[in-house]
Amino acid sequence: MTRILIACDHRGIETMDRIVYWCKENGHDPVNMGPSTSESVDYPDFAFPCAEKVVESNGESVGILICGWGNGMAIAANKVKGARAALCTSPIQAAYARWHNNANILVISAEATGWGMMTEIINVFLKEGFDGGRHERRINKISDYERG
C-alpha cells in the first residue's frame, strides 16, 4: 500500500476528490492535504506543506499535486529541499520522472489531462522506481546544490 499525500488549489479540487477516491479503490492510502472547498486559494500554501511532508517521509510517501495547468504547483513544490516534483502529461513521462529523476511528487494539470490519462499516469508513477546508476550521480548533484 502506497501512502499518497495529495493537495491542490481551487482549480484542482474536483480532480483531487476523484483521485482520493480512486486511490482508495485501488488499495492506496491517500491523505487529503486540502483545500476542502473550491474557494480561491494560493497554490504555494498547499504545495509547500505537501512537499515538506513527502520529503520528511524519507521515501515512505509520494505526493500528488493538482492545479489548473500544473506549472505553479511544480514550481512551488520544487522550492522545498529534497522535493523532486514532475509535471507529467503522459505515462511515459511519469515513468522517466521516476526512472531517471527519482521524482517523489507527481504534478497533474486538471485542465489539460483527461481522467483516463490521469489514472494511467498515476498508475505508472506509483509502480515505477528509480533506476539509480548514472542517474544517482545527477540526483546527488541536485542535492549538493540544495545544501549550498
# chains A, B, ... in the order shown; residues from 1 in each chain; ligands from 1
>>> select_by_dssp(residues="region 83-134 of chain A", states="helix (DSSP H, G or I)", output="CSV table (one decimal) with C-alpha atoms, in the first residue's frame")
chain,number,residue,atom,x,y,z
A,91,PRO,CA,2.5,7.8,-18.8
A,92,ILE,CA,6.0,7.6,-20.4
A,93,GLN,CA,6.8,11.0,-19.0
A,94,ALA,CA,5.8,9.7,-15.5
A,95,ALA,CA,7.9,6.6,-16.0
A,96,TYR,CA,11.0,8.7,-16.9
A,97,ALA,CA,10.4,11.0,-14.0
A,98,ARG,CA,10.7,8.1,-11.7
A,99,TRP,CA,13.4,6.1,-13.5
A,115,TRP,CA,-9.4,11.4,-16.4
A,116,GLY,CA,-8.4,8.2,-18.2
A,117,MET,CA,-5.0,9.6,-19.0
A,118,MET,CA,-4.7,10.8,-15.4
A,119,THR,CA,-5.2,7.4,-13.9
A,120,GLU,CA,-2.7,5.9,-16.4
A,121,ILE,CA,-0.1,8.5,-15.3
A,122,ILE,CA,-0.8,7.9,-11.6
A,123,ASN,CA,-0.5,4.1,-12.1
A,124,VAL,CA,2.8,4.4,-13.8
A,125,PHE,CA,4.1,6.9,-11.3
A,126,LEU,CA,3.2,4.7,-8.4
A,127,LYS,CA,4.5,1.5,-10.0
A,134,ARG,CA,24.3,7.2,-13.7
>>> select_by_dssp(residues="chain A", states="strand (DSSP E)", output="list in words")
Arg3, Ile4, Leu5, Ile6, Ala7, Cys8, Asp29, Pro30, Val31, Asn32, Ser61, Val62, Gly63, Ile64, Leu65, Ile66, Cys67, Ala85, Ala86, Leu87, Ile105, Leu106, Val107, Ile108 and Ser109 of chain A
>>> closest_residue(among="A:Ala83, A:Ile19, A:Ile108, A:Ile139", to="Val55 (chain A)", atoms="only C-alpha atoms")
A:Ala83
>>> atom_distance(atom1="CA of Asp9 (chain A)", atom2="CA of Gly114 (chain A)")
17.6 Å
>>> closest_residue(among="A:Asn140, A:Arg147, A:Ala103, A:Asp29", to="Glu128 (chain A)", atoms="only C-alpha atoms")
A:Ala103
>>> residues_around(residues="Lys81 (chain A)", least_positions_apart="2", cutoff="9 Å", atoms="only C-alpha atoms", output="JSON, numbers by chain")
{"A": [51, 52, 55, 77, 78, 79, 83, 84, 143, 146, 147]}
>>> atom_distance(atom1="CA of Asn32 (chain A)", atom2="CA of Ile6 (chain A)")
5.2 Å
>>> atom_distance(atom1="CA of Asp131 (chain A)", atom2="CA of Gly63 (chain A)")
19.2 Å
>>> closest_residue(among="A:Val107, A:Met73, A:Ala85, A:Ala112", to="Pro44 (chain A)", atoms="only C-alpha atoms")
A:Met73
>>> residues_around(residues="His28 (chain A)", least_positions_apart="3", cutoff="12 Å", atoms="only C-alpha atoms", output="mmCIF file with C-alpha atoms, in the first residue's frame")
data_model
loop_
_atom_site.group_PDB
_atom_site.id
_atom_site.type_symbol
_atom_site.label_atom_id
_atom_site.label_comp_id
_atom_site.auth_asym_id
_atom_site.auth_seq_id
_atom_site.Cartn_x
_atom_site.Cartn_y
_atom_site.Cartn_z
ATOM 1 C CA MET A 1 0.000 0.000 0.000
ATOM 2 C CA THR A 2 1.408 3.335 -1.040
ATOM 3 C CA ARG A 3 0.823 6.406 1.124
ATOM 4 C CA ILE A 4 -0.022 9.312 -1.179
ATOM 5 C CA LEU A 5 -0.121 12.892 0.076
ATOM 6 C CA ILE A 6 -2.468 14.868 -2.176
ATOM 7 C CA ILE A 19 -8.035 10.936 -7.225
ATOM 8 C CA VAL A 20 -8.513 10.390 -3.474
ATOM 9 C CA TYR A 21 -11.474 8.094 -4.200
ATOM 10 C CA TRP A 22 -9.565 6.310 -6.993
ATOM 11 C CA CYS A 23 -6.566 5.766 -4.703
ATOM 12 C CA LYS A 24 -8.735 4.186 -2.012
ATOM 13 C CA GLU A 25 -10.428 1.963 -4.596
ATOM 14 C CA VAL A 31 -4.054 11.687 2.582
ATOM 15 C CA SER A 61 5.211 8.594 0.844
ATOM 16 C CA VAL A 62 4.843 10.185 -2.550
ATOM 17 C CA ILE A 122 -0.779 7.885 -11.629
ATOM 18 C CA ASN A 123 -0.536 4.102 -12.070
ATOM 19 C CA LEU A 126 3.207 4.657 -8.359
ATOM 20 C CA LYS A 127 4.506 1.470 -9.979
#
>>> closest_residue(among="A:Arg137, A:Arg11, A:Arg18, A:Lys53", to="Gly82 (chain A)", atoms="only C-alpha atoms")
A:Lys53
